[in-house]
file my_file07.cif (mmCIF, C-alpha atoms)
data_coords
loop_
_atom_site.label_atom_id
_atom_site.label_comp_id
_atom_site.auth_asym_id
_atom_site.auth_seq_id
_atom_site.Cartn_x
_atom_site.Cartn_y
_atom_site.Cartn_z
CA MET A 47 -0.15 -4.61 -60.97
CA LYS A 48 1.11 -7.91 -59.70
CA THR A 49 2.03 -6.29 -56.38
CA LYS A 50 -1.49 -4.92 -55.92
CA THR A 51 -2.93 -8.37 -56.64
CA ASN A 52 -0.65 -9.94 -54.02
CA VAL A 53 -1.68 -7.34 -51.41
CA LYS A 54 -5.37 -7.98 -52.11
CA THR A 55 -4.80 -11.71 -51.81
CA ALA A 56 -2.99 -11.27 -48.49
CA ILE A 57 -5.73 -9.04 -47.09
CA ALA A 58 -8.37 -11.54 -48.16
CA ALA A 59 -6.43 -14.36 -46.47
CA VAL A 60 -6.15 -12.41 -43.22
CA ALA A 61 -9.89 -11.64 -43.30
CA ILE A 62 -10.71 -15.31 -43.78
CA ALA A 63 -8.38 -16.30 -40.93
CA VAL A 64 -9.92 -13.73 -38.54
CA THR A 65 -13.43 -14.89 -39.44
CA ALA A 66 -12.48 -18.51 -38.88
CA LEU A 67 -10.93 -17.66 -35.49
CA SER A 68 -14.05 -15.77 -34.39
CA VAL A 69 -16.28 -18.69 -35.36
CA SER A 70 -13.91 -21.07 -33.55
CA VAL A 71 -13.99 -19.03 -30.32
CA SER A 72 -17.77 -18.70 -30.52
CA CYS A 73 -18.20 -22.42 -31.04
CA SER A 74 -15.73 -23.16 -28.26
CA GLY A 75 -17.68 -20.96 -25.82
CA SER A 76 -20.95 -22.59 -26.83
CA SER A 77 -19.41 -26.04 -26.54
CA SER A 78 -18.02 -25.22 -23.09
CA LYS A 79 -21.47 -24.26 -21.81
CA LYS A 80 -22.88 -27.52 -23.11
CA LEU A 81 -20.12 -29.43 -21.34
CA ILE A 82 -20.92 -27.66 -18.07
CA LYS A 83 -24.64 -28.48 -18.44
CA LYS A 84 -23.78 -32.11 -19.07
CA GLY A 85 -21.51 -32.17 -16.04
CA LEU A 86 -18.44 -32.95 -18.11
CA TYR A 87 -16.60 -29.86 -16.90
CA ASN A 88 -16.53 -29.68 -13.11
CA CYS A 89 -15.70 -26.18 -11.92
CA SER A 90 -15.10 -27.23 -8.31
CA GLU A 91 -12.77 -30.06 -9.29
CA ARG A 92 -10.74 -27.77 -11.52
CA LEU A 93 -10.53 -25.27 -8.67
CA GLN A 94 -9.18 -28.01 -6.43
CA THR A 95 -6.61 -28.85 -9.08
CA ALA A 96 -5.52 -25.19 -9.16
CA GLY A 97 -5.23 -25.26 -5.38
CA LYS A 98 -2.94 -28.29 -5.55
CA ARG A 99 -0.73 -26.47 -8.06
CA MET A 100 -0.57 -23.53 -5.66
CA ASP A 101 0.41 -25.80 -2.77
CA LYS A 102 3.32 -27.04 -4.87
CA GLY A 103 4.38 -23.48 -5.69
CA ASN A 104 3.47 -23.86 -9.36
CA TYR A 105 1.69 -20.52 -9.57
CA THR A 106 2.01 -20.09 -13.33
CA ASN A 107 0.16 -23.35 -13.93
CA ALA A 108 -2.38 -22.53 -11.23
CA ILE A 109 -3.14 -19.17 -12.86
CA ARG A 110 -3.59 -20.85 -16.25
CA ILE A 111 -6.17 -23.24 -14.76
CA LEU A 112 -7.91 -20.42 -12.90
CA ASP A 113 -8.16 -18.35 -16.09
CA GLU A 114 -9.67 -21.40 -17.78
CA ILE A 115 -12.25 -21.68 -14.98
CA LYS A 116 -13.13 -18.00 -15.37
CA PHE A 117 -13.86 -18.63 -19.04
CA GLN A 118 -15.79 -21.86 -18.49
CA CYS A 119 -17.66 -21.16 -15.27
CA GLY A 120 -19.11 -17.65 -15.41
CA GLY A 121 -21.90 -17.39 -12.85
CA SER A 122 -20.70 -20.41 -10.88
CA PRO A 123 -20.82 -20.19 -7.06
CA VAL A 124 -17.06 -20.82 -6.97
CA MET A 125 -16.17 -17.68 -8.92
CA ASP A 126 -15.24 -15.60 -5.86
CA SER A 127 -12.85 -18.39 -4.87
CA VAL A 128 -11.42 -18.36 -8.39
CA TYR A 129 -10.63 -14.64 -8.14
CA TYR A 130 -9.20 -15.12 -4.65
CA TYR A 131 -6.95 -18.02 -5.69
CA THR A 132 -5.80 -16.05 -8.72
CA ALA A 133 -4.96 -13.02 -6.60
CA ILE A 134 -3.10 -15.12 -4.04
CA SER A 135 -1.17 -16.90 -6.81
CA TYR A 136 -0.04 -13.60 -8.28
CA PHE A 137 0.78 -12.29 -4.80
CA ARG A 138 2.94 -15.30 -3.91
CA ASP A 139 4.61 -15.08 -7.32
CA LYS A 140 5.44 -11.43 -6.53
CA GLN A 141 3.38 -10.13 -9.46
CA TYR A 142 1.91 -7.43 -7.28
CA ASP A 143 0.17 -5.30 -9.90
CA ASP A 144 -1.79 -8.31 -11.17
CA ALA A 145 -2.50 -9.44 -7.60
CA ARG A 146 -3.92 -6.02 -6.72
CA ALA A 147 -6.12 -6.01 -9.83
CA GLU A 148 -7.56 -9.44 -8.90
CA PHE A 149 -8.20 -8.46 -5.27
CA GLU A 150 -9.92 -5.25 -6.38
CA ALA A 151 -12.03 -7.20 -8.88
CA LEU A 152 -12.94 -9.63 -6.12
CA TYR A 153 -14.45 -7.08 -3.75
CA ALA A 154 -16.02 -5.16 -6.63
CA GLU A 155 -17.70 -8.19 -8.20
CA PHE A 156 -18.43 -10.21 -5.06
CA PRO A 157 -19.04 -7.73 -2.22
CA ARG A 158 -20.64 -10.42 -0.03
CA SER A 159 -17.83 -12.94 -0.40
CA HIS A 160 -16.09 -14.02 2.81
CA PHE A 161 -12.81 -13.18 1.04
CA VAL A 162 -13.66 -9.48 0.79
CA GLU A 163 -12.13 -8.45 4.12
CA GLU A 164 -8.81 -10.05 3.26
CA ALA A 165 -8.93 -8.54 -0.24
CA HIS A 166 -9.20 -5.03 1.24
CA PHE A 167 -6.27 -5.70 3.55
CA ARG A 168 -4.14 -7.27 0.80
CA VAL A 169 -4.56 -4.29 -1.52
CA ALA A 170 -3.29 -1.99 1.24
CA HIS A 171 -0.48 -4.43 2.03
CA ILE A 172 0.58 -4.53 -1.62
CA CYS A 173 0.76 -0.72 -1.71
CA TYR A 174 2.90 -0.83 1.43
CA MET A 175 5.22 -3.45 -0.08
CA ARG A 176 5.57 -1.40 -3.26
CA SER A 177 6.41 1.79 -1.37
CA ARG A 178 9.90 3.21 -1.81
CA PRO A 179 12.59 4.11 0.76
CA PHE A 180 11.93 7.31 2.70
CA PHE A 181 14.29 9.39 0.55
CA ARG A 182 12.34 8.58 -2.64
CA ASP A 183 8.84 9.51 -3.81
CA GLN A 184 6.26 8.49 -1.20
CA THR A 185 3.11 8.21 -3.33
CA GLU A 186 2.72 4.48 -2.65
CA THR A 187 3.30 5.00 1.07
CA LYS A 188 0.53 7.59 1.24
CA ASP A 189 -1.78 5.29 -0.73
CA ALA A 190 -1.02 2.48 1.70
CA ILE A 191 -1.89 4.67 4.69
CA ARG A 192 -5.18 5.69 3.07
CA LEU A 193 -6.05 2.06 2.28
CA PHE A 194 -5.09 0.79 5.74
CA ASN A 195 -7.33 3.47 7.26
CA ASP A 196 -10.14 2.44 4.90
CA TYR A 197 -9.73 -1.16 6.00
CA LEU A 198 -9.76 -0.20 9.70
CA ASP A 199 -12.88 1.91 9.17
CA LEU A 200 -14.64 -1.03 7.52
CA TYR A 201 -13.32 -3.71 9.89
CA PRO A 202 -12.26 -2.08 13.19
CA GLY A 203 -12.20 -5.49 14.88
CA GLY A 204 -11.21 -7.41 11.77
CA VAL A 205 -8.94 -10.41 11.45
CA TYR A 206 -6.17 -8.22 10.02
CA ALA A 207 -6.78 -5.13 12.17
CA ASP A 208 -3.65 -5.57 14.30
CA SER A 209 -1.47 -6.12 11.23
CA ALA A 210 -3.04 -3.11 9.53
CA LYS A 211 -2.27 -0.90 12.55
CA ILE A 212 1.35 -2.08 12.71
CA LEU A 213 1.96 -1.59 8.99
CA ASN A 214 0.14 1.73 9.02
CA SER A 215 2.38 2.92 11.85
CA SER A 216 5.43 1.79 9.89
CA ALA A 217 4.23 3.72 6.83
CA LEU A 218 3.66 6.85 8.93
CA ASN A 219 7.16 6.50 10.37
CA LYS A 220 8.54 6.43 6.83
CA LEU A 221 6.84 9.73 5.98
CA ALA A 222 8.01 11.21 9.27
CA GLU A 223 11.56 10.05 8.58
CA LYS A 224 11.55 11.88 5.26
CA GLU A 225 10.55 15.17 6.94
CA PHE A 226 12.96 14.58 9.83
CA ASN A 227 15.93 14.03 7.51
CA ASN A 228 15.02 17.17 5.59
CA ALA A 229 15.21 19.01 8.92
CA LEU A 230 18.65 17.54 9.62
CA PHE A 231 19.86 18.52 6.17
CA TYR A 232 18.85 22.17 6.55
CA ARG A 233 20.18 22.24 10.09
CA LYS A 234 23.62 21.17 8.86
CA GLN A 235 23.41 23.95 6.26
CA ARG A 236 22.65 26.38 9.13
CA GLN A 237 19.34 27.24 7.50
CA HIS A 238 17.53 27.31 10.82
CA ASN A 239 14.17 28.56 9.61
CA ALA A 240 13.97 25.84 6.97
CA ALA A 241 14.97 23.20 9.53
CA LEU A 242 12.29 24.50 11.86
CA VAL A 243 9.64 24.08 9.16
CA TYR A 244 10.47 20.39 8.74
CA TYR A 245 10.75 19.73 12.47
CA ARG A 246 7.29 21.27 12.89
CA ALA A 247 5.96 19.08 10.06
CA VAL A 248 7.07 15.94 11.89
CA VAL A 249 5.49 17.05 15.17
CA SER A 250 2.21 18.28 13.71
CA GLU A 251 1.61 15.70 10.97
CA TYR A 252 3.11 12.59 12.60
CA PRO A 253 2.81 13.10 16.37
CA GLU A 254 2.66 9.34 17.01
CA SER A 255 5.79 8.57 15.00
CA LYS A 256 9.05 7.52 16.65
CA PHE A 257 10.66 10.68 15.25
CA ALA A 258 8.26 13.10 16.96
CA PRO A 259 10.07 13.42 20.35
CA GLU A 260 13.46 14.18 18.78
CA ALA A 261 11.81 16.49 16.26
CA THR A 262 10.25 18.38 19.17
CA VAL A 263 13.66 18.82 20.79
CA GLY A 264 15.20 19.83 17.46
CA MET A 265 12.41 22.36 16.97
CA ALA A 266 13.12 23.83 20.42
CA GLU A 267 16.84 24.04 19.65
CA MET A 268 16.14 25.92 16.42
CA LEU A 269 13.81 28.29 18.26
CA VAL A 270 16.54 29.00 20.82
CA THR A 271 19.00 29.72 18.00
CA LEU A 272 16.44 32.08 16.47
CA GLN A 273 15.99 33.72 19.92
CA ARG A 274 12.34 32.68 20.13
CA THR A 275 12.70 31.50 23.72
CA ARG A 276 9.04 31.55 24.66
CA GLU A 277 8.16 29.18 21.82
CA ALA A 278 11.14 26.99 22.73
CA ALA A 279 9.88 26.70 26.31
CA GLU A 280 6.43 25.71 25.07
CA ALA A 281 7.94 23.11 22.74
CA VAL A 282 9.79 21.21 25.48
CA GLY A 283 7.19 21.86 28.16
CA GLY A 284 5.12 18.79 27.43
CA LEU A 285 7.96 16.28 27.16
CA ASP A 286 8.52 15.47 30.85
CA SER A 287 6.09 12.56 30.94
CA THR A 288 7.13 11.13 27.57
CA THR A 289 8.43 7.60 28.06
CA ALA A 290 10.17 7.42 24.67
CA LEU A 291 12.99 9.77 25.72
CA ASP A 292 16.48 8.33 26.09
CA ASP A 293 19.26 9.88 28.18
CA LYS A 294 20.79 11.79 25.25
CA LEU A 295 17.46 13.36 24.39
CA ARG A 296 16.81 14.30 28.01
CA ALA A 297 20.23 15.92 28.14
CA ARG A 298 19.38 18.01 25.07
CA ILE A 299 16.10 19.07 26.67
CA GLU A 300 17.94 20.13 29.82
CA ALA A 301 20.41 22.12 27.70
CA VAL A 302 17.52 23.96 26.05
CA ARG A 303 16.00 24.78 29.44
CA GLN A 304 19.30 26.08 30.75
CA LYS A 305 19.68 28.35 27.71
CA ILE A 306 16.23 29.86 27.97
CA GLY A 307 16.15 29.97 31.80
CA ALA A 308 12.97 29.82 33.86
CA PRO A 309 12.89 33.55 34.74
CA ALA A 310 13.14 34.56 31.08
CA VAL A 311 10.24 32.26 30.20
CA GLU A 312 8.08 33.64 33.04
CA LYS A 313 8.81 37.22 31.94
CA GLY A 314 7.89 36.41 28.38
CA ASN A 315 4.60 34.88 29.53
CA GLY A 316 3.69 38.02 31.40
#
call {"tool": "encode", "arguments": {"input": "my_file07.cif", "output": "structure tokens"}}
result
Amino acid sequence: MKTKTNVKTAIAAVAIAVTALSVSVSCSGSSSKKLIKKGLYNCSERLQTAGKRMDKGNYTNAIRILDEIKFQCGGSPVMDSVYYYTAISYFRDKQYDDARAEFEALYAEFPRSHFVEEAHFRVAHICYMRSRPFFRDQTETKDAIRLFNDYLDLYPGGVYADSAKILNSSALNKLAEKEFNNALFYRKQRQHNAALVYYRAVVSEYPESKFAPEATVGMAEMLVTLQRTREAAEAVGGLDSTTALDDKLRARIEAVRQKIGAPAVEKGNG
């Protein structure tokens, strides 16, 4: 009986505490609005203070001030800057998930802000930075490519267009490298058909990657091994004018051509 009474007392105390907290928060919000109307809370000045904290590398303190501004200054003209500063603070502090969330909120809530272009680029950049090495899962890499392409579609001549193209190319090379190394693995296992599949994937899906020329040669070599000489000739046929070929690769191409022989290719074409 005494235990039940104690439980009831505890529940009642918690209820009173929660009610008091709700009233306190409500009053605090109301009081904050009154302070803003009276000019006692200056949103722009607080934003400048947050900026100074950022300049000093004190991102935790800057974020605390920025969160305070969000609470106090809803509807203020500086709010897009608040979201931008918050996102940049998280980004510089390497809290990438939070940074991405703030950048996405920025271009969702303030589509006309002059920070929107950078926000789109930064979200793609964060995905790229979070992507894993080529031998691991490439979900983030694929997301980065999609987001870089979205940015370039929206801002083909944008401030970050060159950076987006470079990073996008790097991401594509990572995907190509994964397929290329799969080809090498199966080639070492003498599983020529499987190796051919992955070489073809590099050539067809990532033709602009740095792995495409060697993948083309590897594909031709597998076709020769599989006695598919006509296809091998077609594979190396378009590589003469490729400037990315080094001497070793040219030697491998010549070896393929010697194995298939010009007369055999002409007979197969007829």
call {"tool": "resolve_selection", "arguments": {"input": "my_file07.cif", "expression": "the PyMOL selection byres ((chain A and resi 109) around 10)", "output": "PyMOL selection string"}}
result
chain A and resi 96-97+99-100+104-108+110-115+128-129+131-136
call {"tool": "closest_residue", "arguments": {"input": "my_file07.cif", "among": "A:Ala301, A:Leu221, A:Val162, A:Cys89", "to": "Ala279 in chain A", "atoms": "all atoms listed in the file"}}
result
A:Ala301
call {"tool": "resolve_selection", "arguments": {"input": "my_file07.cif", "expression": "the PyMOL selection byres ((chain A and resi 184-200) around 6)", "output": "count of residues only"}}
result
10
call {"tool": "atom_distance", "arguments": {"input": "my_file07.cif", "atom1": "CA of Glu91 in chain A", "atom2": "CA of Arg138 in chain A"}}
result
22.2 Å
call {"tool": "atom_distance", "arguments": {"input": "my_file07.cif", "atom1": "CA of Glu150 in chain A", "atom2": "CA of Glu164 in chain A"}}
result
10.8 Å
call {"tool": "closest_residue", "arguments": {"input": "my_file07.cif", "among": "A:Ala154, A:Ala222, A:Val302, A:Met125", "to": "Glu277 in chain A", "atoms": "all atoms listed in the file"}}
result
A:Val302
call {"tool": "atom_distance", "arguments": {"input": "my_file07.cif", "atom1": "CA of Phe161 in chain A", "atom2": "CA of Arg92 in chain A"}}
result
19.4 Å
call {"tool": "closest_residue", "arguments": {"input": "my_file07.cif", "among": "A:Glu280, A:Asp143, A:Glu148, A:Glu225", "to": "Phe257 in chain A", "atoms": "all atoms listed in the file"}}
result
A:Glu225
call {"tool": "resolve_selection", "arguments": {"input": "my_file07.cif", "expression": "the PyMOL selection byres ((chain A and resi 259) around 12)", "output": "count of residues only"}}
result
38
call {"tool": "closest_residue", "arguments": {"input": "my_file07.cif", "among": "A:Lys98, A:Arg158, A:Arg168, A:Arg274", "to": "Leu213 in chain A", "atoms": "all atoms listed in the file"}}
result
A:Arg168
call {"tool": "closest_residue", "arguments": {"input": "my_file07.cif", "among": "A:Phe149, A:Phe137, A:Phe167, A:Phe117", "to": "Ser209 in chain A", "atoms": "all atoms listed in the file"}}
result
A:Phe167
call {"tool": "build_atoms", "arguments": {"input": "my_file07.cif", "residues": "range 132-145 of chain A", "atoms": "N, CA and C atoms", "output": "mmCIF file, in the coordinates of the input"}}
result
data_model
loop_
_atom_site.group_PDB
_atom_site.id
_atom_site.type_symbol
_atom_site.label_atom_id
_atom_site.label_comp_id
_atom_site.auth_asym_id
_atom_site.auth_seq_id
_atom_site.Cartn_x
_atom_site.Cartn_y
_atom_site.Cartn_z
ATOM 1 N N THR A 132 -6.617 -16.723 -7.714
ATOM 2 C CA THR A 132 -5.800 -16.050 -8.720
ATOM 3 C C THR A 132 -4.986 -14.926 -8.098
ATOM 4 N N ALA A 133 -5.649 -14.132 -7.266
ATOM 5 C CA ALA A 133 -4.960 -13.020 -6.600
ATOM 6 C C ALA A 133 -3.837 -13.523 -5.704
ATOM 7 N N ILE A 134 -4.115 -14.572 -4.929
ATOM 8 C CA ILE A 134 -3.100 -15.120 -4.040
ATOM 9 C C ILE A 134 -1.924 -15.699 -4.834
ATOM 10 N N SER A 135 -2.227 -16.347 -5.963
ATOM 11 C CA SER A 135 -1.170 -16.900 -6.810
ATOM 12 C C SER A 135 -0.253 -15.796 -7.323
ATOM 13 N N TYR A 136 -0.848 -14.723 -7.812
ATOM 14 C CA TYR A 136 -0.040 -13.600 -8.280
ATOM 15 C C TYR A 136 0.761 -12.998 -7.125
ATOM 16 N N PHE A 137 0.128 -12.880 -5.969
ATOM 17 C CA PHE A 137 0.780 -12.290 -4.800
ATOM 18 C C PHE A 137 2.006 -13.116 -4.397
ATOM 19 N N ARG A 138 1.826 -14.427 -4.304
ATOM 20 C CA ARG A 138 2.940 -15.300 -3.910
ATOM 21 C C ARG A 138 4.032 -15.347 -4.970
ATOM 22 N N ASP A 139 3.643 -15.104 -6.220
ATOM 23 C CA ASP A 139 4.610 -15.080 -7.320
ATOM 24 C C ASP A 139 5.230 -13.695 -7.485
ATOM 25 N N LYS A 140 4.902 -12.788 -6.570
ATOM 26 C CA LYS A 140 5.440 -11.430 -6.530
ATOM 27 C C LYS A 140 5.062 -10.601 -7.759
ATOM 28 N N GLN A 141 3.923 -10.943 -8.356
ATOM 29 C CA GLN A 141 3.380 -10.130 -9.460
ATOM 30 C C GLN A 141 2.313 -9.226 -8.839
ATOM 31 N N TYR A 142 2.774 -8.195 -8.165
ATOM 32 C CA TYR A 142 1.910 -7.430 -7.280
ATOM 33 C C TYR A 142 0.847 -6.594 -8.002
ATOM 34 N N ASP A 143 1.172 -6.081 -9.159
ATOM 35 C CA ASP A 143 0.170 -5.300 -9.900
ATOM 36 C C ASP A 143 -1.012 -6.186 -10.296
ATOM 37 N N ASP A 144 -0.714 -7.388 -10.790
ATOM 38 C CA ASP A 144 -1.790 -8.310 -11.170
ATOM 39 C C ASP A 144 -2.560 -8.785 -9.942
ATOM 40 N N ALA A 145 -1.840 -9.012 -8.842
ATOM 41 C CA ALA A 145 -2.500 -9.440 -7.600
ATOM 42 C C ALA A 145 -3.476 -8.368 -7.126
#
